[in-house]
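Engineer: Hey, dropping coords32.cif in here, mmCIF, N, CA and C atoms:
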```cif
data_data
loop_
_atom_site.label_atom_id
_atom_site.label_comp_id
_atom_site.auth_asym_id
_atom_site.auth_seq_id
_atom_site.Cartn_x
_atom_site.Cartn_y
_atom_site.Cartn_z
N MET A 134 53.73 144.04 138.10
CA MET A 134 52.78 143.48 137.17
C MET A 134 53.22 143.82 135.75
N ASP A 135 53.33 142.80 134.95
CA ASP A 135 53.78 142.98 133.57
C ASP A 135 52.58 143.26 132.68
N THR A 136 52.62 144.38 131.97
CA THR A 136 51.49 144.76 131.13
C THR A 136 51.62 144.26 129.72
N THR A 137 52.78 143.75 129.34
CA THR A 137 52.94 143.20 128.00
C THR A 137 52.53 141.74 128.01
N GLU A 138 51.73 141.38 127.05
CA GLU A 138 51.28 140.00 126.94
C GLU A 138 51.79 139.43 125.63
N SER A 139 52.17 138.20 125.67
CA SER A 139 52.61 137.58 124.42
C SER A 139 51.40 137.18 123.61
N ALA A 140 51.59 137.12 122.33
CA ALA A 140 50.48 136.78 121.44
C ALA A 140 50.14 135.31 121.58
N SER A 141 48.89 135.02 121.74
CA SER A 141 48.45 133.64 121.84
C SER A 141 48.38 133.05 120.44
N PRO A 142 48.37 131.71 120.34
CA PRO A 142 48.33 131.10 119.01
C PRO A 142 47.08 131.48 118.22
N GLY A 143 45.97 131.77 118.88
CA GLY A 143 44.76 132.14 118.18
C GLY A 143 44.63 133.64 117.95
N ASP A 144 45.68 134.39 118.28
CA ASP A 144 45.64 135.84 118.14
C ASP A 144 45.59 136.24 116.67
N ALA A 145 44.89 137.31 116.37
CA ALA A 145 44.73 137.75 114.99
C ALA A 145 46.03 138.24 114.38
N SER A 146 47.00 138.60 115.22
CA SER A 146 48.26 139.09 114.67
C SER A 146 49.08 137.96 114.06
N ASN A 147 48.76 136.71 114.41
CA ASN A 147 49.47 135.58 113.83
C ASN A 147 48.92 135.19 112.46
N VAL A 148 47.80 135.78 112.07
CA VAL A 148 47.21 135.48 110.78
C VAL A 148 48.03 136.18 109.70
N PRO A 149 48.36 135.49 108.61
CA PRO A 149 49.16 136.13 107.56
C PRO A 149 48.46 137.35 106.99
N GLU A 150 49.28 138.36 106.61
CA GLU A 150 48.76 139.61 106.07
C GLU A 150 48.03 139.40 104.75
N GLY A 151 48.44 138.42 103.97
CA GLY A 151 47.82 138.19 102.67
C GLY A 151 46.39 137.72 102.76
N ARG A 152 45.99 137.22 103.91
CA ARG A 152 44.63 136.73 104.06
C ARG A 152 43.62 137.87 103.94
N GLY A 153 44.00 139.06 104.35
CA GLY A 153 43.12 140.22 104.20
C GLY A 153 42.88 140.56 102.74
N TRP A 154 43.95 140.49 101.93
CA TRP A 154 43.81 140.76 100.50
C TRP A 154 43.04 139.65 99.81
N THR A 155 43.21 138.42 100.27
CA THR A 155 42.45 137.31 99.68
C THR A 155 40.97 137.50 99.93
N THR A 156 40.62 137.87 101.15
CA THR A 156 39.23 138.11 101.48
C THR A 156 38.67 139.30 100.70
N THR A 157 39.49 140.33 100.51
CA THR A 157 39.06 141.48 99.72
C THR A 157 38.80 141.07 98.28
N ALA A 158 39.67 140.26 97.72
CA ALA A 158 39.48 139.79 96.34
C ALA A 158 38.23 138.93 96.23
N LEU A 159 37.97 138.09 97.22
CA LEU A 159 36.77 137.26 97.19
C LEU A 159 35.51 138.10 97.34
N ALA A 160 35.57 139.16 98.13
CA ALA A 160 34.42 140.07 98.25
C ALA A 160 34.16 140.79 96.94
N ALA A 161 35.22 141.22 96.25
CA ALA A 161 35.06 141.86 94.95
C ALA A 161 34.51 140.88 93.92
N LEU A 162 34.98 139.65 93.95
CA LEU A 162 34.46 138.62 93.05
C LEU A 162 33.00 138.34 93.35
N GLY A 163 32.64 138.29 94.63
CA GLY A 163 31.24 138.10 95.00
C GLY A 163 30.36 139.23 94.51
N ALA A 164 30.88 140.45 94.54
CA ALA A 164 30.13 141.60 94.03
C ALA A 164 29.91 141.48 92.53
N LEU A 165 30.92 141.01 91.80
CA LEU A 165 30.76 140.82 90.36
C LEU A 165 29.77 139.70 90.05
N VAL A 166 29.78 138.64 90.85
CA VAL A 166 28.82 137.55 90.65
C VAL A 166 27.40 138.04 90.93
N MET A 167 27.26 138.93 91.93
CA MET A 167 25.94 139.49 92.23
C MET A 167 25.39 140.27 91.04
N THR A 168 26.23 140.91 90.26
CA THR A 168 25.76 141.70 89.13
C THR A 168 25.51 140.86 87.88
N SER A 169 25.87 139.58 87.90
CA SER A 169 25.81 138.77 86.68
C SER A 169 24.40 138.49 86.21
N CYS A 170 23.40 138.57 87.07
CA CYS A 170 22.05 138.26 86.62
C CYS A 170 21.32 139.48 86.07
N CYS A 171 21.62 140.64 86.57
CA CYS A 171 20.80 141.81 86.24
C CYS A 171 21.59 142.93 85.57
N ILE A 172 22.65 143.36 86.19
CA ILE A 172 23.36 144.54 85.72
C ILE A 172 24.37 144.20 84.63
N LEU A 173 25.08 143.10 84.78
CA LEU A 173 26.11 142.73 83.80
C LEU A 173 25.56 142.56 82.39
N PRO A 174 24.42 141.91 82.17
CA PRO A 174 23.91 141.84 80.79
C PRO A 174 23.59 143.22 80.21
N LEU A 175 23.07 144.11 81.02
CA LEU A 175 22.76 145.46 80.54
C LEU A 175 24.04 146.22 80.17
N VAL A 176 25.09 146.05 80.97
CA VAL A 176 26.36 146.70 80.68
C VAL A 176 26.99 146.12 79.42
N LEU A 177 26.94 144.79 79.27
CA LEU A 177 27.52 144.16 78.07
C LEU A 177 26.81 144.60 76.80
N VAL A 178 25.47 144.69 76.86
CA VAL A 178 24.72 145.13 75.69
C VAL A 178 25.02 146.59 75.37
N SER A 179 25.19 147.41 76.40
CA SER A 179 25.50 148.81 76.16
C SER A 179 26.88 149.00 75.53
N PHE A 180 27.78 148.06 75.76
CA PHE A 180 29.09 148.11 75.12
C PHE A 180 29.10 147.44 73.75
N GLY A 181 27.95 146.92 73.31
CA GLY A 181 27.85 146.31 71.99
C GLY A 181 28.15 144.83 71.97
N ILE A 182 28.29 144.22 73.10
CA ILE A 182 28.55 142.78 73.17
C ILE A 182 27.20 142.09 73.24
N SER A 183 26.96 141.19 72.32
CA SER A 183 25.68 140.50 72.30
C SER A 183 25.91 139.02 72.07
N GLY A 184 24.89 138.28 72.31
CA GLY A 184 24.96 136.85 72.11
C GLY A 184 23.90 136.15 72.93
N VAL A 185 23.78 134.87 72.70
CA VAL A 185 22.77 134.08 73.40
C VAL A 185 23.12 133.97 74.88
N PHE A 186 24.41 133.98 75.20
CA PHE A 186 24.81 133.80 76.59
C PHE A 186 24.31 134.94 77.48
N ILE A 187 24.06 136.11 76.91
CA ILE A 187 23.57 137.23 77.71
C ILE A 187 22.15 136.94 78.19
N ALA A 188 21.33 136.36 77.34
CA ALA A 188 19.97 136.01 77.74
C ALA A 188 19.98 134.91 78.79
N GLN A 189 20.97 134.04 78.73
CA GLN A 189 21.04 132.95 79.69
C GLN A 189 21.48 133.41 81.08
N MET A 190 22.06 134.60 81.18
CA MET A 190 22.49 135.12 82.48
C MET A 190 21.30 135.42 83.39
N GLY A 191 20.14 135.63 82.80
CA GLY A 191 18.94 135.85 83.60
C GLY A 191 18.57 134.65 84.45
N ALA A 192 19.03 133.48 84.06
CA ALA A 192 18.75 132.28 84.85
C ALA A 192 19.48 132.30 86.19
N LEU A 193 20.50 133.11 86.30
CA LEU A 193 21.24 133.21 87.56
C LEU A 193 20.48 133.98 88.63
N TYR A 194 19.36 134.61 88.25
CA TYR A 194 18.58 135.38 89.22
C TYR A 194 18.04 134.49 90.34
N ALA A 195 17.80 133.22 90.05
CA ALA A 195 17.30 132.30 91.07
C ALA A 195 18.32 132.10 92.19
N TYR A 196 19.58 132.32 91.92
CA TYR A 196 20.64 132.13 92.91
C TYR A 196 21.08 133.44 93.56
N LYS A 197 20.28 134.48 93.38
CA LYS A 197 20.66 135.81 93.87
C LYS A 197 20.89 135.84 95.37
N TRP A 198 20.05 135.20 96.14
CA TRP A 198 20.19 135.27 97.60
C TRP A 198 21.36 134.44 98.10
N TYR A 199 21.68 133.35 97.40
CA TYR A 199 22.86 132.57 97.78
C TYR A 199 24.14 133.36 97.53
N THR A 200 24.20 133.98 96.36
CA THR A 200 25.39 134.77 96.06
C THR A 200 25.48 136.00 96.96
N PHE A 201 24.33 136.55 97.33
CA PHE A 201 24.34 137.68 98.26
C PHE A 201 24.89 137.25 99.62
N GLY A 202 24.47 136.10 100.10
CA GLY A 202 24.95 135.61 101.40
C GLY A 202 26.45 135.37 101.40
N ILE A 203 26.95 134.76 100.34
CA ILE A 203 28.39 134.50 100.26
C ILE A 203 29.16 135.80 100.12
N ALA A 204 28.68 136.69 99.26
CA ALA A 204 29.36 137.97 99.07
C ALA A 204 29.34 138.80 100.35
N ALA A 205 28.21 138.80 101.06
CA ALA A 205 28.12 139.55 102.31
C ALA A 205 29.05 138.98 103.38
N ALA A 206 29.19 137.66 103.42
CA ALA A 206 30.11 137.05 104.39
C ALA A 206 31.56 137.46 104.10
N PHE A 207 31.97 137.37 102.84
CA PHE A 207 33.33 137.78 102.48
C PHE A 207 33.52 139.29 102.69
N LEU A 208 32.51 140.06 102.39
CA LEU A 208 32.59 141.50 102.58
C LEU A 208 32.72 141.86 104.06
N GLY A 209 31.93 141.20 104.88
CA GLY A 209 32.01 141.45 106.32
C GLY A 209 33.37 141.08 106.90
N TYR A 210 33.89 139.92 106.50
CA TYR A 210 35.20 139.51 107.00
C TYR A 210 36.30 140.42 106.44
N GLY A 211 36.13 140.87 105.20
CA GLY A 211 37.11 141.78 104.62
C GLY A 211 37.15 143.11 105.37
N PHE A 212 35.98 143.66 105.71
CA PHE A 212 35.96 144.89 106.50
C PHE A 212 36.52 144.67 107.90
N TYR A 213 36.28 143.48 108.46
CA TYR A 213 36.85 143.16 109.76
C TYR A 213 38.37 143.16 109.71
N ARG A 214 38.93 142.55 108.65
CA ARG A 214 40.39 142.51 108.51
C ARG A 214 40.96 143.89 108.17
N ALA A 215 40.20 144.71 107.44
CA ALA A 215 40.70 146.02 107.03
C ALA A 215 40.71 147.01 108.19
N TYR A 216 39.78 146.87 109.12
CA TYR A 216 39.70 147.82 110.23
C TYR A 216 40.20 147.23 111.55
N GLN A 217 40.71 146.02 111.52
CA GLN A 217 41.25 145.39 112.71
C GLN A 217 42.55 146.07 113.12
N PRO A 218 42.68 146.42 114.40
CA PRO A 218 43.94 147.06 114.81
C PRO A 218 45.12 146.09 114.70
N ILE A 219 46.26 146.64 114.37
CA ILE A 219 47.47 145.84 114.24
C ILE A 219 48.06 145.66 115.62
N ARG A 220 48.24 144.40 116.01
CA ARG A 220 48.81 144.09 117.31
C ARG A 220 50.20 143.51 117.14
N CYS A 221 51.12 144.00 117.94
CA CYS A 221 52.49 143.49 117.91
C CYS A 221 52.83 142.93 119.28
N ALA A 222 53.41 141.76 119.30
CA ALA A 222 53.73 141.12 120.56
C ALA A 222 54.96 141.76 121.22
N ASP A 223 55.96 142.05 120.44
CA ASP A 223 57.21 142.54 121.03
C ASP A 223 57.46 144.02 120.73
N GLY A 224 56.52 144.71 120.12
CA GLY A 224 56.69 146.13 119.85
C GLY A 224 57.28 146.43 118.48
N SER A 225 57.83 145.44 117.82
CA SER A 225 58.39 145.68 116.48
C SER A 225 57.51 144.96 115.47
N CYS A 226 56.81 145.73 114.70
CA CYS A 226 55.88 145.15 113.72
C CYS A 226 56.52 145.13 112.34
N ALA A 227 56.09 144.17 111.57
CA ALA A 227 56.49 144.16 110.17
C ALA A 227 55.72 145.26 109.46
N LEU A 228 56.11 145.57 108.27
CA LEU A 228 55.45 146.60 107.49
C LEU A 228 54.00 146.18 107.26
N PRO A 229 53.02 146.96 107.74
CA PRO A 229 51.63 146.54 107.57
C PRO A 229 51.17 146.68 106.13
N MET A 230 50.13 145.92 105.81
CA MET A 230 49.60 145.98 104.45
C MET A 230 48.92 147.32 104.20
N ASN A 231 48.75 147.65 102.94
CA ASN A 231 48.13 148.91 102.55
C ASN A 231 46.62 148.79 102.77
N ARG A 232 46.17 149.24 103.90
CA ARG A 232 44.76 149.09 104.24
C ARG A 232 43.89 150.13 103.55
N THR A 233 44.46 151.23 103.10
CA THR A 233 43.67 152.24 102.41
C THR A 233 43.14 151.68 101.09
N ALA A 234 43.99 151.02 100.34
CA ALA A 234 43.55 150.41 99.07
C ALA A 234 42.56 149.29 99.34
N MET A 235 42.79 148.51 100.38
CA MET A 235 41.88 147.42 100.72
C MET A 235 40.50 147.97 101.08
N ARG A 236 40.46 149.05 101.85
CA ARG A 236 39.19 149.65 102.24
C ARG A 236 38.47 150.23 101.03
N ALA A 237 39.22 150.80 100.09
CA ALA A 237 38.60 151.36 98.88
C ALA A 237 37.97 150.25 98.04
N VAL A 238 38.68 149.13 97.88
CA VAL A 238 38.15 148.01 97.10
C VAL A 238 36.91 147.45 97.78
N LEU A 239 36.94 147.35 99.10
CA LEU A 239 35.79 146.83 99.83
C LEU A 239 34.59 147.78 99.73
N CYS A 240 34.82 149.07 99.74
CA CYS A 240 33.72 150.04 99.59
C CYS A 240 33.10 149.94 98.20
N VAL A 241 33.92 149.79 97.18
CA VAL A 241 33.40 149.63 95.82
C VAL A 241 32.61 148.32 95.71
N ALA A 242 33.12 147.26 96.31
CA ALA A 242 32.40 145.98 96.29
C ALA A 242 31.07 146.09 97.03
N ALA A 243 31.05 146.80 98.16
CA ALA A 243 29.80 146.99 98.90
C ALA A 243 28.80 147.80 98.09
N ALA A 244 29.29 148.81 97.36
CA ALA A 244 28.40 149.61 96.52
C ALA A 244 27.84 148.76 95.37
N LEU A 245 28.67 147.91 94.77
CA LEU A 245 28.18 147.03 93.71
C LEU A 245 27.13 146.06 94.22
N ILE A 246 27.34 145.52 95.41
CA ILE A 246 26.36 144.60 95.99
C ILE A 246 25.06 145.32 96.28
N LEU A 247 25.15 146.54 96.78
CA LEU A 247 23.95 147.33 97.06
C LEU A 247 23.18 147.64 95.77
N VAL A 248 23.89 148.01 94.72
CA VAL A 248 23.25 148.29 93.44
C VAL A 248 22.62 147.02 92.88
N ALA A 249 23.31 145.89 93.01
CA ALA A 249 22.77 144.63 92.50
C ALA A 249 21.51 144.21 93.26
N MET A 250 21.45 144.52 94.53
CA MET A 250 20.27 144.16 95.31
C MET A 250 19.09 145.10 95.00
N LEU A 251 19.37 146.36 94.73
CA LEU A 251 18.30 147.33 94.49
C LEU A 251 17.87 147.43 93.03
N PHE A 252 18.70 146.94 92.11
CA PHE A 252 18.42 147.09 90.69
C PHE A 252 17.10 146.47 90.25
N PRO A 253 16.74 145.25 90.68
CA PRO A 253 15.45 144.70 90.23
C PRO A 253 14.25 145.55 90.66
N TYR A 254 14.37 146.25 91.77
CA TYR A 254 13.26 147.07 92.24
C TYR A 254 13.25 148.45 91.58
N ALA A 255 14.42 148.94 91.20
CA ALA A 255 14.51 150.26 90.58
C ALA A 255 14.48 150.21 89.06
N SER A 256 14.70 149.05 88.46
CA SER A 256 14.78 148.98 87.01
C SER A 256 13.50 149.36 86.28
N PRO A 257 12.31 149.07 86.79
CA PRO A 257 11.12 149.54 86.07
C PRO A 257 11.07 151.06 85.95
N TYR A 258 11.55 151.76 86.96
CA TYR A 258 11.55 153.22 86.92
C TYR A 258 12.68 153.76 86.05
N ILE A 259 13.82 153.10 86.08
CA ILE A 259 14.98 153.55 85.32
C ILE A 259 14.78 153.29 83.83
N LEU A 260 14.28 152.10 83.49
CA LEU A 260 14.17 151.70 82.08
C LEU A 260 12.92 152.25 81.41
N SER A 261 12.04 152.92 82.14
CA SER A 261 10.82 153.45 81.53
C SER A 261 11.05 154.79 80.85
N PHE A 262 12.22 155.39 81.00
CA PHE A 262 12.50 156.68 80.37
C PHE A 262 12.70 156.54 78.90
#
```
Could you rewrite the structure in this file as structure tokens?
Structural biologist:
Amino acid sequence: MDTTESASPGDASNVPEGRGWTTTALAALGALVMTSCCILPLVLVSFGISGVFIAQMGALYAYKWYTFGIAAAFLGYGFYRAYQPIRCADGSCALPMNRTAMRAVLCVAAALILVAMLFPYASPYILSF
């Protein structure tokens, strides 16, 4: 009985390595979009950047749940790709991607999304000081 199996066409090892980094970048971008309605204007004002466009960013709050859904989907797939075991069909694998950096970026993106989701509920307590 042969215990080695060849990789099927739908096997995850046939997926290009760059797709994991693409998903990680999209998850990070989704995290930044999540902060655009609430946290980003506060950060820009604290750095001295002002303008009418900052007040207009509050209009993006209506799309918060859509951006959360998209960011969560990319974040979930990014974590799936980052923690997916590397499978080799013939025993000789190419140099795997740097998953430590990918996991760090995904953790930062997850923290940003969590802060963006909790900020509207915590801001009355934070800004009252």
Engineer: Could you tell me how far CA of Met235 in chain A sits from atom C of Tyr194 in chain A, in Å to one decimal place?
Structural biologist: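 Distance reported for this atom pair: 29.0 Å.
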Engineer: Restricting the calculation to only C-alpha atoms: of A:Met167, A:Ala160, A:Ile172, A:Ile187, which residue gets closest to Ser256 in chain A?
Structural biologist: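 Nearest to Ser256 in chain A: A:Ile172.
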Engineer: Applying 8 Å and only N, CA and C atoms, which residues near Gln189 in chain A remain after dropping the ones on its own chain fewer than 4 positions away? List them as a VMD selection string.
Structural biologist: chain A and resid 169 to 170 184 to 185 193 to 194
Engineer: Using only N, CA and C atoms, which residue out of A:Met190, A:Ile219, A:Leu175, A:Ala164 lies closest to Val241 in chain A?
Structural biologist: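 Once distances to Val241 in chain A are computed over only N, CA and C atoms, the minimum belongs to A:Ala164.
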Engineer: Would you compute the distance between atom C of Val166 in chain A and atom C of Ala192 in chain A? Give it in Å to one decimal.
Structural biologist: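 Those two atoms sit 10.9 Å apart.
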Engineer: What does the distance from atom C of Leu247 in chain A to atom C of Thr168 in chain A come to in Å, to one decimal?
Structural biologist: 10.7 Å
Engineer: Would you mind listing what lies within 8 Å of Arg152 in chain A as a PyMOL selection string, with all atoms listed in the file counted and same-chain residues fewer than 5 positions away left out?
Structural biologist: chain A and resi 157-158+211+214
Engineer: Using all atoms listed in the file, find the one residue out of A:Phe207, A:Tyr213, A:Tyr254, A:Phe262 that sits nearest to Ala161 in chain A.
Structural biologist: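 Between A:Phe207, A:Tyr213, A:Tyr254, A:Phe262, the residue approaching Ala161 in chain A most closely is A:Phe207.
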Engineer: Taking the file as shown, find all residues satisfying the PyMOL selection byres ((chain A and resi 202-206) around 8) and write them as a VMD selection string.
Structural biologist: chain A and resid 159 to 164 167 196 to 201 207 to 212 246
Engineer: Output N, CA and C atoms of each residue in that selection to a file, as a PDB file, keeping the file's coordinate frame.
Structural biologist:
```
ATOM      1  N   LEU A 159      37.970 138.090  97.220  1.00  0.00           N
ATOM      2  CA  LEU A 159      36.770 137.260  97.190  1.00  0.00           C
ATOM      3  C   LEU A 159      35.510 138.100  97.340  1.00  0.00           C
ATOM      4  N   ALA A 160      35.570 139.160  98.130  1.00  0.00           N
ATOM      5  CA  ALA A 160      34.420 140.070  98.250  1.00  0.00           C
ATOM      6  C   ALA A 160      34.160 140.790  96.940  1.00  0.00           C
ATOM      7  N   ALA A 161      35.220 141.220  96.250  1.00  0.00           N
ATOM      8  CA  ALA A 161      35.060 141.860  94.950  1.00  0.00           C
ATOM      9  C   ALA A 161      34.510 140.880  93.920  1.00  0.00           C
ATOM     10  N   LEU A 162      34.980 139.650  93.950  1.00  0.00           N
ATOM     11  CA  LEU A 162      34.460 138.620  93.050  1.00  0.00           C
ATOM     12  C   LEU A 162      33.000 138.340  93.350  1.00  0.00           C
ATOM     13  N   GLY A 163      32.640 138.290  94.630  1.00  0.00           N
ATOM     14  CA  GLY A 163      31.240 138.100  95.000  1.00  0.00           C
ATOM     15  C   GLY A 163      30.360 139.230  94.510  1.00  0.00           C
ATOM     16  N   ALA A 164      30.880 140.450  94.540  1.00  0.00           N
ATOM     17  CA  ALA A 164      30.130 141.600  94.030  1.00  0.00           C
ATOM     18  C   ALA A 164      29.910 141.480  92.530  1.00  0.00           C
ATOM     19  N   MET A 167      27.260 138.930  91.930  1.00  0.00           N
ATOM     20  CA  MET A 167      25.940 139.490  92.230  1.00  0.00           C
ATOM     21  C   MET A 167      25.390 140.270  91.040  1.00  0.00           C
ATOM     22  N   TYR A 196      19.580 132.320  91.920  1.00  0.00           N
ATOM     23  CA  TYR A 196      20.640 132.130  92.910  1.00  0.00           C
ATOM     24  C   TYR A 196      21.080 133.440  93.560  1.00  0.00           C
ATOM     25  N   LYS A 197      20.280 134.480  93.380  1.00  0.00           N
ATOM     26  CA  LYS A 197      20.660 135.810  93.870  1.00  0.00           C
ATOM     27  C   LYS A 197      20.890 135.840  95.370  1.00  0.00           C
ATOM     28  N   TRP A 198      20.050 135.200  96.140  1.00  0.00           N
ATOM     29  CA  TRP A 198      20.190 135.270  97.600  1.00  0.00           C
ATOM     30  C   TRP A 198      21.360 134.440  98.100  1.00  0.00           C
ATOM     31  N   TYR A 199      21.680 133.350  97.400  1.00  0.00           N
ATOM     32  CA  TYR A 199      22.860 132.570  97.780  1.00  0.00           C
ATOM     33  C   TYR A 199      24.140 133.360  97.530  1.00  0.00           C
ATOM     34  N   THR A 200      24.200 133.980  96.360  1.00  0.00           N
ATOM     35  CA  THR A 200      25.390 134.770  96.060  1.00  0.00           C
ATOM     36  C   THR A 200      25.480 136.000  96.960  1.00  0.00           C
ATOM     37  N   PHE A 201      24.330 136.550  97.330  1.00  0.00           N
ATOM     38  CA  PHE A 201      24.340 137.680  98.260  1.00  0.00           C
ATOM     39  C   PHE A 201      24.890 137.250  99.620  1.00  0.00           C
ATOM     40  N   PHE A 207      31.970 137.370 102.840  1.00  0.00           N
ATOM     41  CA  PHE A 207      33.330 137.780 102.480  1.00  0.00           C
ATOM     42  C   PHE A 207      33.520 139.290 102.690  1.00  0.00           C
ATOM     43  N   LEU A 208      32.510 140.060 102.390  1.00  0.00           N
ATOM     44  CA  LEU A 208      32.590 141.500 102.580  1.00  0.00           C
ATOM     45  C   LEU A 208      32.720 141.860 104.060  1.00  0.00           C
ATOM     46  N   GLY A 209      31.930 141.200 104.880  1.00  0.00           N
ATOM     47  CA  GLY A 209      32.010 141.450 106.320  1.00  0.00           C
ATOM     48  C   GLY A 209      33.370 141.080 106.900  1.00  0.00           C
ATOM     49  N   TYR A 210      33.890 139.920 106.500  1.00  0.00           N
ATOM     50  CA  TYR A 210      35.200 139.510 107.000  1.00  0.00           C
ATOM     51  C   TYR A 210      36.300 140.420 106.440  1.00  0.00           C
ATOM     52  N   GLY A 211      36.130 140.870 105.200  1.00  0.00           N
ATOM     53  CA  GLY A 211      37.110 141.780 104.620  1.00  0.00           C
ATOM     54  C   GLY A 211      37.150 143.110 105.370  1.00  0.00           C
ATOM     55  N   PHE A 212      35.980 143.660 105.710  1.00  0.00           N
ATOM     56  CA  PHE A 212      35.960 144.890 106.500  1.00  0.00           C
ATOM     57  C   PHE A 212      36.520 144.670 107.900  1.00  0.00           C
ATOM     58  N   ILE A 246      27.340 145.520  95.410  1.00  0.00           N
ATOM     59  CA  ILE A 246      26.360 144.600  95.990  1.00  0.00           C
ATOM     60  C   ILE A 246      25.060 145.320  96.280  1.00  0.00           C
TER      61      ILE A 246
END
```
Engineer: Just checking: using only C-alpha atoms, which residue out of A:Phe186, A:Tyr258, A:Tyr216, A:Phe252 ends up closest to Leu239 in chain A?
Structural biologist: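 Among the listed residues, A:Tyr216 lies closest to Leu239 in chain A.
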Engineer: Quick one: of A:Cys171, A:Leu245, A:Val176, A:Val238, who's nearest to Gly191 in chain A, counting only C-alpha atoms?
Structural biologist: A:Cys171
